[in-house]
Each structure stands twice: as structure tokens, then as C-alpha cells.
>>> print(open('entry-v2.cif').read())   # mmCIF, C-alpha atoms
data_query
loop_
_atom_site.label_atom_id
_atom_site.label_comp_id
_atom_site.auth_asym_id
_atom_site.auth_seq_id
_atom_site.Cartn_x
_atom_site.Cartn_y
_atom_site.Cartn_z
CA MET A 1 -79.68 -35.78 64.62
CA THR A 2 -76.27 -37.27 65.32
CA GLY A 3 -74.49 -36.99 68.64
CA ARG A 4 -75.12 -38.06 72.23
CA VAL A 5 -77.22 -36.17 74.79
CA LEU A 6 -76.85 -36.18 78.59
CA ILE A 7 -80.15 -35.35 80.37
CA VAL A 8 -79.93 -33.91 83.92
CA ASP A 9 -83.10 -33.47 86.06
CA ASP A 10 -83.79 -34.27 89.69
CA GLU A 11 -87.15 -35.75 88.61
CA GLN A 12 -86.47 -39.26 87.33
CA SER A 13 -89.80 -39.37 85.48
CA MET A 14 -88.85 -36.31 83.43
CA CYS A 15 -85.49 -37.86 82.57
CA GLU A 16 -87.13 -41.09 81.43
CA LEU A 17 -89.76 -39.22 79.39
CA ILE A 18 -87.18 -37.20 77.45
CA ASP A 19 -84.84 -40.18 77.12
CA THR A 20 -87.62 -42.33 75.61
CA ASP A 21 -88.70 -39.62 73.17
CA LEU A 22 -85.12 -39.00 71.97
CA ARG A 23 -84.45 -42.71 71.51
CA LEU A 24 -87.62 -43.01 69.40
CA ARG A 25 -86.16 -40.27 67.22
CA GLY A 26 -82.94 -42.25 66.85
CA VAL A 27 -80.92 -40.07 69.25
CA GLU A 28 -78.60 -41.78 71.72
CA SER A 29 -78.95 -40.39 75.26
CA ALA A 30 -78.21 -41.03 78.93
CA TRP A 31 -79.65 -39.44 82.07
CA CYS A 32 -78.90 -38.71 85.73
CA THR A 33 -80.65 -36.87 88.59
CA SER A 34 -77.90 -34.61 89.99
CA ALA A 35 -75.24 -32.18 88.86
CA ALA A 36 -72.53 -34.14 90.69
CA GLU A 37 -73.41 -37.31 88.79
CA ALA A 38 -73.53 -35.36 85.53
CA LEU A 39 -69.98 -34.06 86.05
CA ARG A 40 -68.81 -37.59 86.79
CA LEU A 41 -70.43 -38.94 83.60
CA LEU A 42 -68.85 -36.13 81.56
CA GLN A 43 -65.42 -37.26 82.76
CA GLU A 44 -66.07 -40.93 81.96
CA GLN A 45 -68.02 -40.71 78.69
CA GLU A 46 -68.30 -38.53 75.59
CA PHE A 47 -71.40 -36.37 75.08
CA ASP A 48 -72.18 -33.78 72.42
CA VAL A 49 -74.90 -31.87 74.31
CA VAL A 50 -76.04 -31.51 77.93
CA LEU A 51 -79.72 -30.83 78.66
CA THR A 52 -80.26 -29.72 82.26
CA ASP A 53 -83.08 -28.48 84.49
CA VAL A 54 -82.43 -25.27 86.46
CA LYS A 55 -83.99 -26.06 89.83
CA MET A 56 -82.24 -29.00 91.42
CA PRO A 57 -81.15 -29.62 95.05
CA GLY A 58 -77.48 -28.98 95.79
CA THR A 59 -75.73 -27.73 92.67
CA ASP A 60 -78.44 -26.23 90.46
CA GLY A 61 -78.55 -26.13 86.66
CA LEU A 62 -76.97 -22.65 86.36
CA GLN A 63 -74.00 -23.67 88.50
CA LEU A 64 -73.65 -26.87 86.45
CA CYS A 65 -73.74 -24.78 83.28
CA ARG A 66 -70.92 -22.54 84.55
CA GLN A 67 -68.76 -25.54 85.49
CA ILE A 68 -69.26 -27.17 82.09
CA SER A 69 -68.61 -23.85 80.32
CA ASP A 70 -65.36 -23.39 82.28
CA ASN A 71 -64.06 -26.97 81.96
CA ARG A 72 -65.66 -28.30 78.76
CA PRO A 73 -66.46 -25.28 76.57
CA ASP A 74 -66.73 -27.63 73.59
CA ILE A 75 -69.98 -29.13 74.99
CA PRO A 76 -73.04 -26.88 74.54
CA VAL A 77 -75.56 -26.80 77.39
CA VAL A 78 -79.32 -26.41 76.84
CA VAL A 79 -81.22 -25.29 79.95
CA MET A 80 -84.86 -26.15 80.82
CA THR A 81 -86.64 -23.26 82.60
CA ALA A 82 -90.15 -22.67 83.90
CA PHE A 83 -92.56 -21.13 81.37
CA GLY A 84 -92.32 -17.33 81.23
CA SER A 85 -89.20 -17.13 83.42
CA LEU A 86 -87.28 -14.70 81.22
CA GLU A 87 -84.98 -13.69 84.07
CA THR A 88 -83.84 -17.30 84.52
CA ALA A 89 -83.34 -17.71 80.79
CA VAL A 90 -81.10 -14.60 80.67
CA ALA A 91 -79.14 -15.89 83.69
CA ALA A 92 -78.65 -19.22 81.89
CA ILE A 93 -77.20 -17.52 78.80
CA ARG A 94 -74.87 -15.48 81.01
CA ALA A 95 -73.79 -18.70 82.72
CA GLY A 96 -72.66 -19.98 79.33
CA ALA A 97 -75.73 -21.88 78.13
CA TYR A 98 -76.04 -22.43 74.37
CA ASP A 99 -79.85 -22.15 74.41
CA PHE A 100 -82.88 -22.71 76.63
CA VAL A 101 -86.34 -24.32 76.37
CA THR A 102 -89.37 -23.70 78.58
CA LYS A 103 -91.47 -26.14 80.54
CA PRO A 104 -93.82 -27.80 79.86
CA ILE A 105 -91.50 -29.25 77.23
CA GLU A 106 -92.64 -29.32 73.60
CA MET A 107 -90.74 -32.36 72.36
CA ASP A 108 -90.51 -31.37 68.68
CA LEU A 109 -89.03 -27.99 69.63
CA LEU A 110 -86.66 -29.66 72.09
CA ALA A 111 -85.45 -32.06 69.39
CA LEU A 112 -84.71 -29.15 67.01
CA THR A 113 -82.87 -27.24 69.75
CA LEU A 114 -80.75 -30.27 70.62
CA GLU A 115 -80.00 -30.88 66.94
CA ARG A 116 -78.71 -27.30 66.54
CA ALA A 117 -76.63 -27.68 69.68
CA SER A 118 -75.20 -30.99 68.46
CA LYS A 119 -74.19 -29.48 65.12
CA HIS A 120 -72.59 -26.59 66.98
CA SER A 121 -70.65 -29.08 69.12
CA GLN A 122 -69.42 -31.02 66.10
CA LEU A 123 -68.39 -27.78 64.38
CA GLN A 124 -66.47 -26.74 67.50
CA GLN A 125 -64.64 -30.07 67.44
CA GLN A 126 -63.76 -29.64 63.76
CA VAL A 127 -62.48 -26.12 64.44
CA LYS A 128 -60.40 -27.39 67.36
CA LEU A 129 -58.90 -30.12 65.16
CA LEU A 130 -58.09 -27.53 62.49
CA SER A 131 -56.58 -25.11 65.03
CA ASP A 132 -54.49 -27.96 66.45
CA ALA A 133 -53.45 -28.89 62.91
CA VAL A 134 -52.28 -25.28 62.32
CA ARG A 135 -50.14 -25.43 65.46
CA ARG A 136 -48.70 -28.85 64.52
CA ALA A 137 -48.30 -28.09 60.81
CA GLY A 138 -44.93 -28.16 59.12
CA ARG A 139 -43.21 -24.78 59.00
CA PHE A 140 -40.09 -23.29 57.49
CA GLY A 141 -39.57 -19.77 58.76
CA GLU A 142 -42.95 -18.09 58.37
CA MET A 143 -44.16 -20.57 55.74
CA LEU A 144 -46.96 -22.94 56.75
CA GLY A 145 -48.07 -26.19 55.12
CA ASP A 146 -48.11 -29.96 55.46
CA SER A 147 -48.66 -31.01 51.84
CA GLY A 148 -46.12 -33.17 50.03
CA ALA A 149 -45.24 -30.24 47.76
CA MET A 150 -44.36 -28.07 50.77
CA GLN A 151 -42.40 -30.82 52.52
CA ASP A 152 -40.28 -31.17 49.37
CA LEU A 153 -39.82 -27.40 49.31
CA TYR A 154 -38.75 -27.29 52.99
CA ASP A 155 -36.21 -30.02 52.30
CA GLN A 156 -34.76 -28.14 49.32
CA LEU A 157 -34.59 -24.85 51.23
CA ALA A 158 -32.84 -26.49 54.20
CA ARG A 159 -30.15 -27.83 51.85
CA ILE A 160 -29.50 -24.57 49.99
CA ALA A 161 -29.90 -21.99 52.78
CA ASP A 162 -26.28 -22.13 53.93
CA SER A 163 -24.90 -22.13 50.39
CA GLU A 164 -23.48 -19.00 48.78
CA ALA A 165 -24.98 -19.90 45.39
CA SER A 166 -27.42 -17.55 43.67
CA VAL A 167 -31.03 -18.76 43.77
CA LEU A 168 -33.83 -18.11 41.29
CA ILE A 169 -37.24 -18.39 42.98
CA THR A 170 -40.05 -19.00 40.48
CA GLY A 171 -43.78 -19.37 40.89
CA GLU A 172 -47.09 -17.76 40.12
CA SER A 173 -47.93 -14.34 41.51
CA GLY A 174 -48.99 -14.56 45.16
CA THR A 175 -47.25 -17.85 46.03
CA GLY A 176 -44.94 -16.22 48.59
CA LYS A 177 -41.63 -15.79 46.78
CA GLU A 178 -40.37 -13.02 49.07
CA LEU A 179 -41.30 -15.12 52.11
CA VAL A 180 -39.16 -17.94 50.70
CA ALA A 181 -36.27 -15.53 50.11
CA ARG A 182 -36.48 -14.27 53.71
CA SER A 183 -36.53 -17.86 54.98
CA ILE A 184 -33.38 -18.68 52.99
CA HIS A 185 -31.65 -15.60 54.41
CA ASP A 186 -32.75 -16.33 57.99
CA ARG A 187 -31.31 -19.87 57.80
CA SER A 188 -28.04 -18.79 56.17
CA ARG A 189 -24.73 -17.79 57.74
CA ARG A 190 -25.60 -14.25 56.60
CA ALA A 191 -28.68 -14.09 58.86
CA ALA A 192 -27.17 -11.47 61.19
CA LYS A 193 -26.60 -9.13 58.24
CA PRO A 194 -29.24 -7.14 56.28
CA PHE A 195 -31.92 -8.64 54.03
CA VAL A 196 -32.82 -6.10 51.34
CA ALA A 197 -35.49 -6.49 48.65
CA VAL A 198 -36.15 -4.39 45.54
CA ASN A 199 -38.99 -4.68 43.03
CA CYS A 200 -37.37 -4.39 39.60
CA ALA A 201 -40.75 -3.75 37.93
CA ALA A 202 -41.61 -0.76 40.10
CA LEU A 203 -38.78 1.52 38.91
CA SER A 204 -37.66 2.99 35.61
CA GLU A 205 -34.26 1.95 34.28
CA THR A 206 -32.53 5.15 35.49
CA LEU A 207 -34.07 4.96 38.96
CA LEU A 208 -33.36 1.23 39.22
CA GLU A 209 -29.66 1.74 38.46
CA SER A 210 -29.44 4.48 41.08
CA GLU A 211 -31.43 2.39 43.57
CA LEU A 212 -29.18 -0.65 43.14
CA PHE A 213 -25.74 0.92 42.67
CA GLY A 214 -26.21 4.26 44.41
CA HIS A 215 -25.08 7.61 43.03
CA ALA A 216 -22.46 10.27 43.59
CA LYS A 217 -23.36 13.77 44.73
CA GLY A 218 -24.38 15.84 41.71
CA ALA A 219 -24.79 12.79 39.46
CA PHE A 220 -28.16 14.20 38.33
CA THR A 221 -30.44 17.13 39.17
CA ASP A 222 -31.86 15.83 42.46
CA ALA A 223 -28.67 14.11 43.64
CA ARG A 224 -27.88 16.65 46.39
CA THR A 225 -26.06 14.05 48.49
CA GLU A 226 -24.20 10.83 47.88
CA ARG A 227 -26.27 7.63 48.16
CA LYS A 228 -24.73 4.19 48.54
CA GLY A 229 -27.52 2.04 46.97
CA LEU A 230 -29.08 -1.30 47.91
CA PHE A 231 -26.09 -3.48 47.03
CA LEU A 232 -24.01 -1.72 49.67
CA GLU A 233 -26.95 -1.50 52.11
CA ALA A 234 -27.11 -5.30 51.93
CA GLU A 235 -23.34 -5.65 52.49
CA GLY A 236 -22.58 -9.01 54.07
CA GLY A 237 -26.21 -10.06 53.74
CA THR A 238 -28.75 -10.92 51.04
CA LEU A 239 -30.24 -8.90 48.18
CA LEU A 240 -33.54 -10.04 46.64
CA LEU A 241 -34.15 -8.87 43.06
CA ASP A 242 -37.93 -9.32 42.85
CA GLU A 243 -39.80 -9.32 39.51
CA MET A 244 -36.46 -10.02 37.82
CA GLY A 245 -38.13 -10.79 34.49
CA GLU A 246 -39.20 -7.12 34.16
CA MET A 247 -35.65 -5.70 34.22
CA PRO A 248 -34.75 -3.71 31.05
CA MET A 249 -32.14 -5.35 28.81
CA SER A 250 -29.63 -2.48 29.15
CA MET A 251 -29.84 -2.72 32.94
CA GLN A 252 -29.30 -6.47 32.69
CA VAL A 253 -25.89 -5.80 31.11
CA LYS A 254 -24.82 -3.54 34.00
CA LEU A 255 -26.11 -6.01 36.60
CA LEU A 256 -24.30 -8.94 34.98
CA ARG A 257 -20.99 -7.06 35.00
CA ALA A 258 -21.42 -6.18 38.69
CA LEU A 259 -22.25 -9.78 39.62
CA GLU A 260 -19.33 -11.23 37.69
CA GLU A 261 -16.77 -8.85 39.20
CA ASN A 262 -18.37 -8.31 42.64
CA ARG A 263 -17.78 -4.61 42.07
CA LEU A 264 -20.15 -1.79 41.16
CA ARG A 265 -19.84 1.78 39.92
CA PRO A 266 -22.32 4.27 41.48
CA VAL A 267 -24.09 6.53 38.99
CA GLY A 268 -21.94 9.59 38.29
CA SER A 269 -18.84 8.15 39.98
CA ASP A 270 -15.52 7.23 38.39
CA LYS A 271 -14.63 4.73 41.13
CA GLU A 272 -15.68 1.11 41.51
CA VAL A 273 -16.70 -0.23 44.91
CA PRO A 274 -16.43 -3.91 45.97
CA PHE A 275 -19.39 -5.62 47.61
CA ASP A 276 -20.15 -8.93 49.34
CA VAL A 277 -23.80 -9.86 48.83
CA ARG A 278 -25.67 -13.10 48.15
CA ILE A 279 -28.11 -12.66 45.26
CA LEU A 280 -31.61 -14.12 45.27
CA ALA A 281 -33.90 -13.41 42.32
CA ALA A 282 -37.65 -13.98 42.01
CA THR A 283 -40.00 -13.96 39.05
CA ASN A 284 -43.42 -15.16 37.94
CA ARG A 285 -42.24 -15.00 34.31
CA ASP A 286 -41.01 -17.91 32.21
CA LEU A 287 -37.38 -16.77 31.86
CA GLU A 288 -36.36 -19.71 29.66
CA THR A 289 -38.88 -18.58 27.07
CA ALA A 290 -37.79 -14.95 27.57
CA VAL A 291 -34.20 -16.01 26.81
CA GLU A 292 -35.30 -17.81 23.64
CA ASP A 293 -37.29 -14.73 22.60
CA GLN A 294 -34.23 -12.55 23.35
CA ARG A 295 -36.10 -10.58 26.01
CA PHE A 296 -33.72 -11.71 28.75
CA ARG A 297 -29.96 -12.17 28.57
CA GLU A 298 -28.89 -15.82 28.55
CA ASP A 299 -25.62 -15.13 30.41
CA LEU A 300 -27.48 -13.28 33.20
CA TYR A 301 -30.06 -16.08 33.37
CA TYR A 302 -27.37 -18.67 34.07
CA ARG A 303 -25.64 -16.33 36.52
CA ILE A 304 -28.73 -15.91 38.75
CA ASN A 305 -30.14 -19.42 38.17
CA VAL A 306 -27.43 -21.51 39.84
CA ILE A 307 -30.19 -23.11 41.94
CA GLN A 308 -33.87 -22.86 41.01
CA VAL A 309 -36.65 -23.09 43.60
CA GLU A 310 -40.11 -23.55 42.11
CA LEU A 311 -43.03 -22.70 44.40
CA PRO A 312 -46.21 -24.78 44.06
CA PRO A 313 -49.45 -22.89 43.35
CA LEU A 314 -52.02 -22.94 46.18
CA ARG A 315 -54.40 -25.17 44.19
CA ALA A 316 -51.71 -27.90 44.20
CA ARG A 317 -51.34 -27.86 47.99
CA GLY A 318 -54.54 -29.74 48.98
CA THR A 319 -55.70 -29.17 52.57
CA ASP A 320 -52.94 -26.63 53.15
CA ILE A 321 -55.65 -24.24 51.94
CA LEU A 322 -57.63 -24.86 55.15
CA LEU A 323 -54.55 -24.64 57.39
CA LEU A 324 -53.69 -21.25 55.89
CA ALA A 325 -57.33 -20.08 55.99
CA GLN A 326 -57.69 -21.03 59.68
CA ASN A 327 -54.39 -19.31 60.47
CA TYR A 328 -55.63 -16.10 58.80
CA VAL A 329 -59.01 -16.31 60.58
CA GLU A 330 -57.26 -16.47 63.96
CA GLN A 331 -54.93 -13.58 63.06
CA PHE A 332 -57.66 -11.25 61.77
CA ALA A 333 -60.13 -12.18 64.52
CA GLU A 334 -57.55 -11.26 67.17
CA ARG A 335 -56.68 -8.03 65.38
CA SER A 336 -60.33 -6.98 65.04
CA ARG A 337 -61.25 -8.31 68.52
CA LYS A 338 -64.01 -10.51 67.17
CA GLU A 339 -64.84 -13.90 68.67
CA ILE A 340 -64.50 -15.97 65.52
CA VAL A 341 -63.13 -19.45 66.03
CA GLY A 342 -62.96 -21.01 62.59
CA ILE A 343 -64.59 -21.99 59.30
CA SER A 344 -67.88 -23.86 58.80
CA GLU A 345 -67.76 -27.14 56.91
CA PRO A 346 -69.73 -25.85 53.86
CA ALA A 347 -67.39 -22.83 53.64
CA ALA A 348 -64.35 -25.11 53.92
CA GLU A 349 -65.66 -27.19 51.00
CA LYS A 350 -65.99 -24.03 48.89
CA LEU A 351 -62.42 -22.98 49.74
CA LEU A 352 -61.07 -26.39 48.73
CA ALA A 353 -63.02 -26.43 45.44
CA TYR A 354 -61.84 -22.98 44.27
CA SER A 355 -58.82 -22.72 41.94
CA TRP A 356 -57.10 -19.73 43.67
CA PRO A 357 -55.57 -17.92 40.67
CA GLY A 358 -54.23 -15.28 43.08
CA ASN A 359 -52.74 -17.96 45.35
CA ILE A 360 -51.91 -17.18 49.00
CA ARG A 361 -52.29 -13.43 48.50
CA GLU A 362 -55.87 -13.96 47.32
CA LEU A 363 -56.66 -16.39 50.18
CA ARG A 364 -55.41 -13.86 52.74
CA ASN A 365 -57.59 -11.16 51.19
CA VAL A 366 -60.66 -13.45 51.18
CA MET A 367 -60.24 -14.45 54.84
CA GLU A 368 -59.68 -10.85 55.97
CA ARG A 369 -62.89 -9.87 54.19
CA ALA A 370 -64.81 -12.82 55.67
CA VAL A 371 -63.72 -11.99 59.23
CA ALA A 372 -64.80 -8.38 58.73
CA LEU A 373 -68.24 -9.34 57.34
CA THR A 374 -69.28 -12.38 59.36
CA ARG A 375 -71.96 -12.08 62.06
CA PHE A 376 -71.26 -15.52 63.49
CA ASP A 377 -68.47 -17.24 65.36
CA ASN A 378 -67.59 -19.29 62.27
CA ILE A 379 -66.98 -18.19 58.70
CA ALA A 380 -70.05 -19.20 56.65
CA VAL A 381 -70.48 -19.63 52.88
CA ASP A 382 -72.28 -16.27 52.67
CA ASP A 383 -69.17 -14.56 54.06
CA LEU A 384 -67.16 -15.65 51.00
CA PRO A 385 -67.03 -13.67 47.71
CA GLU A 386 -69.54 -14.64 45.03
CA LYS A 387 -66.83 -15.95 42.70
CA ILE A 388 -65.92 -18.57 45.35
CA ARG A 389 -69.51 -19.38 46.36
CA ASP A 390 -70.51 -19.98 42.73
CA TYR A 391 -67.23 -21.46 41.45
CA ARG A 392 -67.47 -24.36 39.02
CA SER A 393 -64.32 -26.30 38.23
CA SER A 394 -63.30 -26.28 34.57
CA GLN A 395 -62.59 -29.82 33.38
CA VAL A 396 -61.50 -31.32 30.12
CA PHE A 397 -64.65 -33.08 28.92
CA ILE A 398 -63.90 -35.98 26.59
CA GLY A 399 -67.38 -37.26 25.94
CA GLY A 400 -70.10 -39.56 27.21
CA SER A 401 -72.04 -42.51 25.92
CA ASP A 402 -74.10 -40.36 23.56
CA PRO A 403 -72.44 -40.49 20.10
CA THR A 404 -73.33 -36.81 19.55
CA ASP A 405 -71.07 -35.89 22.52
CA LEU A 406 -67.98 -37.55 21.03
CA VAL A 407 -65.28 -35.32 19.54
CA PRO A 408 -62.26 -35.92 17.27
CA MET A 409 -58.87 -36.75 18.77
CA GLU A 410 -57.48 -33.37 17.61
CA GLU A 411 -60.15 -31.56 19.64
CA ILE A 412 -59.32 -33.60 22.76
CA GLU A 413 -55.64 -32.68 22.32
CA ARG A 414 -56.48 -29.00 21.86
CA ARG A 415 -58.65 -28.88 24.99
CA TYR A 416 -56.07 -30.69 27.08
CA ILE A 417 -53.14 -28.52 25.98
CA LEU A 418 -55.09 -25.33 26.74
CA HIS A 419 -56.22 -26.78 30.09
CA VAL A 420 -52.62 -27.60 31.09
CA LEU A 421 -51.45 -24.14 30.01
CA GLU A 422 -54.17 -22.49 32.12
CA THR A 423 -53.39 -24.74 35.11
CA VAL A 424 -49.66 -23.85 35.14
CA GLY A 425 -50.35 -20.13 34.88
CA ASP A 426 -49.33 -19.80 31.19
CA ASN A 427 -45.79 -21.00 31.96
CA LYS A 428 -44.89 -22.56 28.62
CA THR A 429 -41.70 -24.18 29.90
CA LEU A 430 -43.61 -25.99 32.63
CA ALA A 431 -46.51 -26.77 30.27
CA SER A 432 -44.19 -28.37 27.71
CA ARG A 433 -42.62 -30.44 30.51
CA VAL A 434 -46.06 -31.66 31.69
CA LEU A 435 -47.21 -32.41 28.14
CA GLY A 436 -43.97 -34.14 27.12
CA LEU A 437 -43.49 -31.75 24.19
CA ASP A 438 -40.55 -29.54 23.30
CA ARG A 439 -41.34 -25.82 23.43
CA LYS A 440 -41.18 -25.34 19.64
CA THR A 441 -43.86 -28.01 19.17
CA LEU A 442 -46.00 -26.37 21.86
CA TYR A 443 -45.64 -22.94 20.20
CA ARG A 444 -46.61 -24.42 16.83
CA LYS A 445 -49.75 -26.01 18.27
CA LEU A 446 -50.74 -22.84 20.12
CA LYS A 447 -50.37 -20.90 16.88
CA GLN A 448 -52.71 -23.43 15.22
CA TYR A 449 -55.24 -22.82 18.03
CA GLY A 450 -55.05 -19.06 17.54
CA VAL A 451 -53.47 -18.30 20.91
CA ASP A 452 -49.95 -17.46 19.77
CA GLU A 453 -48.41 -14.49 21.62
#
>>> encode(input="entry-v2.cif", output="C-alpha cells")
Amino acid sequence: MTGRVLIVDDEQSMCELIDTDLRLRGVESAWCTSAAEALRLLQEQEFDVVLTDVKMPGTDGLQLCRQISDNRPDIPVVVMTAFGSLETAVAAIRAGAYDFVTKPIEMDLLALTLERASKHSQLQQQVKLLSDAVRRAGRFGEMLGDSGAMQDLYDQLARIADSEASVLITGESGTGKELVARSIHDRSRRAAKPFVAVNCAALSETLLESELFGHAKGAFTDARTERKGLFLEAEGGTLLLDEMGEMPMSMQVKLLRALEENRLRPVGSDKEVPFDVRILAATNRDLETAVEDQRFREDLYYRINVIQVELPPLRARGTDILLLAQNYVEQFAERSRKEIVGISEPAAEKLLAYSWPGNIRELRNVMERAVALTRFDNIAVDDLPEKIRDYRSSQVFIGGSDPTDLVPMEEIERRYILHVLETVGDNKTLASRVLGLDRKTLYRKLKQYGVDE
């Protein structure tokens, strides 16, 4: 057992007996014979657990338990009661006691009880530190994170927010691209005007054109009234074109013309309408490769990609994973009215080891599930999905000292290239940058490995 125990009993002989036994077990302890002295010692020194008798002159053990529970809820209290006194034991729990033991004291059982209480105390301290870290963590709008990658992102966003330049926000699915777009809008001089977002992948070409540009009355069968479209709804503000890489080529032509002239023609209308909107675009696709493959217009790419903001995947953000997880635990616990304070250390280790292919969206889902399932006041390993509990990191194995484990240089190169490609979410532009290869060389090697598109 680690931690320090304060023993409180009006019988000095009992204090000395327990103190001696604990010290023989390697547990540091101190003792006193009154509640008043115990409260004084708690102010002057640090203790992990308090062990107190119930029946004491003056302030008894239950009153002491209430005072500690009110003023130092981080210190668990174990109460010693007379054998068979169930009523007193129940009263102790109601007074805020962590646990109770009965007299005559069985020292082995007492040691186990104090060890559990000490671990609970240390866990409470870790949770408090994590909760404090969440409150102190770096933020930009609703984004949360203290990692170097996020600090660099905050700096970039602060510099571009007030610009009128178009911004292309890239990153894997679930990294929070719309949150970044909203943060840019909220920090811009257009903040008082509308922020409007549209998912380009969710609509057919005809519907997307009508959604963006609006339509005149009678333009098509269901067009019973005139509709002004999202460009005009966002007038003076910001329009986010999400999933930009999924936009059909013919629609790209119409969008490019509108952006170049700052004028649009509603479907079925013979009049053009001017607009004043800042364009933000977001995608999890590799648009540079799409341009080379003629699946995305080069002129539109350069029109929307005046400034590029690349969001880091969650696995590259270190302990931000725990800050975000703790933040979600507090949110979902409050919403479901459950007294859950944080994440156990073993569960935290599992969260840090996992690769998070679904990024922040997946983490949010996992923590909401864990809060719903847990039966304890801290998220445990068993509350996490099996894929996280049993996760094993994939590493590029080069070989050991056994000659039979050694592989040719070509095989090492193959494994590493595929590992990098998997790590960057199949973004070939980013992979070629990491590998120091031009994209044509990367494509040629992937074709050799049998993974060409």
C-alpha cells in the first residue's frame, strides 16, 4: 500500500497498536486521540486516508466524518464500529464514510480496506488534476487541446480569421472540420452575420444547385415558391462547403463561375444576383491527387485553397485524448445525472494506446457509451468497447537478432510505405511528403505492392 493514514481513537493504546501494525506493513501513519486534533493535523499535513473510531468524547467519529466529507471530500474516511452495530455502520456511510470495519479489529482486513481507500484517494486526485487540466487547457472557440499540434493550429486560425481569403480545411473524418470553420467565422469581422453549412455529398447535383443558388417559382415540378438558396442566406457572413471533394464536376463549373464573379443565377431564373459571402471549404479527400486524376477542377481547387488549414488526427495529439475524454465524461454524466467523476488509470492507458481511426467523433461516441454503461464513479476498462480493450498497436517490425527474422531491404521499404499510408489516412499527398517521394514514385511503388487504386 502507498499513501499515508491518520488514525483517530480516544484510546491511545488502540492508536499505537494500529500504528505499529501498519508500519510493519510498510505503511506510513500518524495518530491522535481527538477529532479536534485530527482536523488540525489535516490542515497541517497531507494524508490519503483517515481511520476513525465512532465513540469519542466531544466530537464523535460520525461528526468528524461529516466535517471531512464537507471540507476535504478527496480524503476517504474509514470508520471503526462495534461488532454487529449495523445501524452505526449505515449512519457512517450516510455521513460520507468510504467504508467501515468492525471491532475487534482484524488487522489483515483493515489493511486491505485501507489499501482500497488509499487507491480511491489517489484516483480522486488524478481525476481532480485532469478536471483542472480541462479547465486550464488551451481553447480556440469550442476546440480543446494543449498539444503542440493544436497550439500551432490555434496560432494559424488566429492569423487567418479576420482575413477575407477562402480557406480549405483538410483532415481525416471526425477531426472537427466544421468546428474549425465555426471558430474562424466567430473570430472574423463577419461574426454578427450568418454561418451556413452545406454537405455537398448529401445532395444530388440538381438538388445541390438549387440548395446553393436557390430557384425561381416554377423552375421545376415542386418549386411552388421562390427560394433564395444558401449563398443568399449567408449574405454578409460565411458559407461552409463541407465534403467539397464529393461535388460533381459539372457543379464545380457553376460554383467556380459564381465565386469568380460574386454573382449567381438561381435555377430557372434569367437574372443574376450579387452576393457577399466568405467561402470556407472542408474535405477529408486528397484534392491534389483528385486534380491530377481529373476528378476535381484545378482552377476551382486554387480558388478555394487560398489558405489551407490541416487538422491533426487525434492519434497525433498525445494527452489531448485524455483532456477530451474527461470533458466528454463530465458532459454526459451531467446530462444523464450520474455521479461519474472521471477515468480510471488503466482505462486512460487504453485510451492513449488506441489509434482512433474515427478521431474525435469516435472518442465522443466511446465516452458517451462508457458513461451510460458504467456502474462506478470512474470509467473502468470494462466500460470501453472490446476493440479498445484488446487493441494492439501495429508497428513496422524490422527484425531481431535471430537471422531467420531478418528481411530484405525491399521488404522493409514496402512495410514502411504501407505503414505511413495507413497512418496518414490514405492521403497520398501527405504520405509522399512524409516519405520524401514525389507522388508518381509513390503510385509506382503502390502498384508494385498490388494496392494501386
>>> closest_residue(input="entry-v2.cif", among="A:Ala216, A:Gly61, A:Pro313, A:Ser250", to="Lys271 in chain A", atoms="all atoms listed in the file")
A:Ala216
>>> resolve_selection(input="entry-v2.cif", expression="the PyMOL selection byres ((chain A and resi 10) around 7)", output="PyMOL selection string")
chain A and resi 8-9+11-12+33-34+56
>>> atom_distance(input="entry-v2.cif", atom1="CA of Cys200 in chain A", atom2="CA of Pro248 in chain A")
9.0 Å
>>> resolve_selection(input="entry-v2.cif", expression="the PyMOL selection byres ((chain A and resi 163) around 12)", output="list in words")
Gln156, Leu157, Ala158, Arg159, Ile160, Ala161, Asp162, Glu164, Ala165, Ser166, Val167, Ile184, His185, Arg187, Ser188, Arg189, Arg190, Thr238, Arg278, Ile279, Leu280, Val306 and Ile307 of chain A
>>> closest_residue(input="entry-v2.cif", among="A:Leu168, A:Thr429, A:Glu178, A:Leu446", to="Arg414 in chain A", atoms="only C-alpha atoms")
A:Leu446
>>> closest_residue(input="entry-v2.cif", among="A:Glu422, A:Ala111, A:Val54, A:Ala36", to="Ala89 in chain A", atoms="all atoms listed in the file")
A:Val54
>>> resolve_selection(input="entry-v2.cif", expression="the PyMOL selection byres ((chain A and resi 62) around 9)", output="list in words")
Thr52, Asp53, Val54, Lys55, Thr59, Asp60, Gly61, Gln63, Leu64, Cys65, Arg66, Gln67, Val79, Thr88, Ala91, Ala92, Ala95, Gly96 and Ala97 of chain A
>>> closest_residue(input="entry-v2.cif", among="A:Leu22, A:Leu39, A:Met367, A:Leu435", to="Ile68 in chain A", atoms="only C-alpha atoms")
A:Leu39
>>> decode(input="entry-v2.cif", residues="range 185-214 of chain A", atoms="C-alpha atoms", output="CSV table (one decimal), in the first residue's frame")
chain,number,residue,atom,x,y,z
A,185,HIS,CA,-16.4,32.7,-38.5
A,186,ASP,CA,-16.8,33.6,-34.9
A,187,ARG,CA,-13.4,35.3,-34.8
A,188,SER,CA,-14.0,37.2,-38.1
A,189,ARG,CA,-15.5,40.6,-38.8
A,190,ARG,CA,-18.4,38.7,-40.2
A,191,ALA,CA,-19.3,37.1,-36.9
A,192,ALA,CA,-22.5,39.0,-36.5
A,193,LYS,CA,-23.8,37.7,-39.8
A,194,PRO,CA,-25.0,34.1,-40.6
A,195,PHE,CA,-22.8,31.0,-40.6
A,196,VAL,CA,-24.3,28.5,-43.0
A,197,ALA,CA,-23.0,24.9,-43.8
A,198,VAL,CA,-24.0,22.5,-46.5
A,199,ASN,CA,-22.8,18.9,-47.0
A,200,CYS,CA,-22.0,18.6,-50.7
A,201,ALA,CA,-22.0,14.8,-50.5
A,202,ALA,CA,-25.5,14.6,-49.1
A,203,LEU,CA,-27.3,16.0,-52.2
A,204,SER,CA,-27.7,15.1,-55.8
A,205,GLU,CA,-26.3,17.6,-58.4
A,206,THR,CA,-29.7,19.1,-59.2
A,207,LEU,CA,-30.7,19.4,-55.5
A,208,LEU,CA,-27.2,20.8,-54.6
A,209,GLU,CA,-27.5,23.6,-57.3
A,210,SER,CA,-31.0,24.5,-56.0
A,211,GLU,CA,-29.8,24.4,-52.4
A,212,LEU,CA,-26.8,26.7,-53.1
A,213,PHE,CA,-28.2,29.1,-55.7
A,214,GLY,CA,-31.9,28.9,-54.9
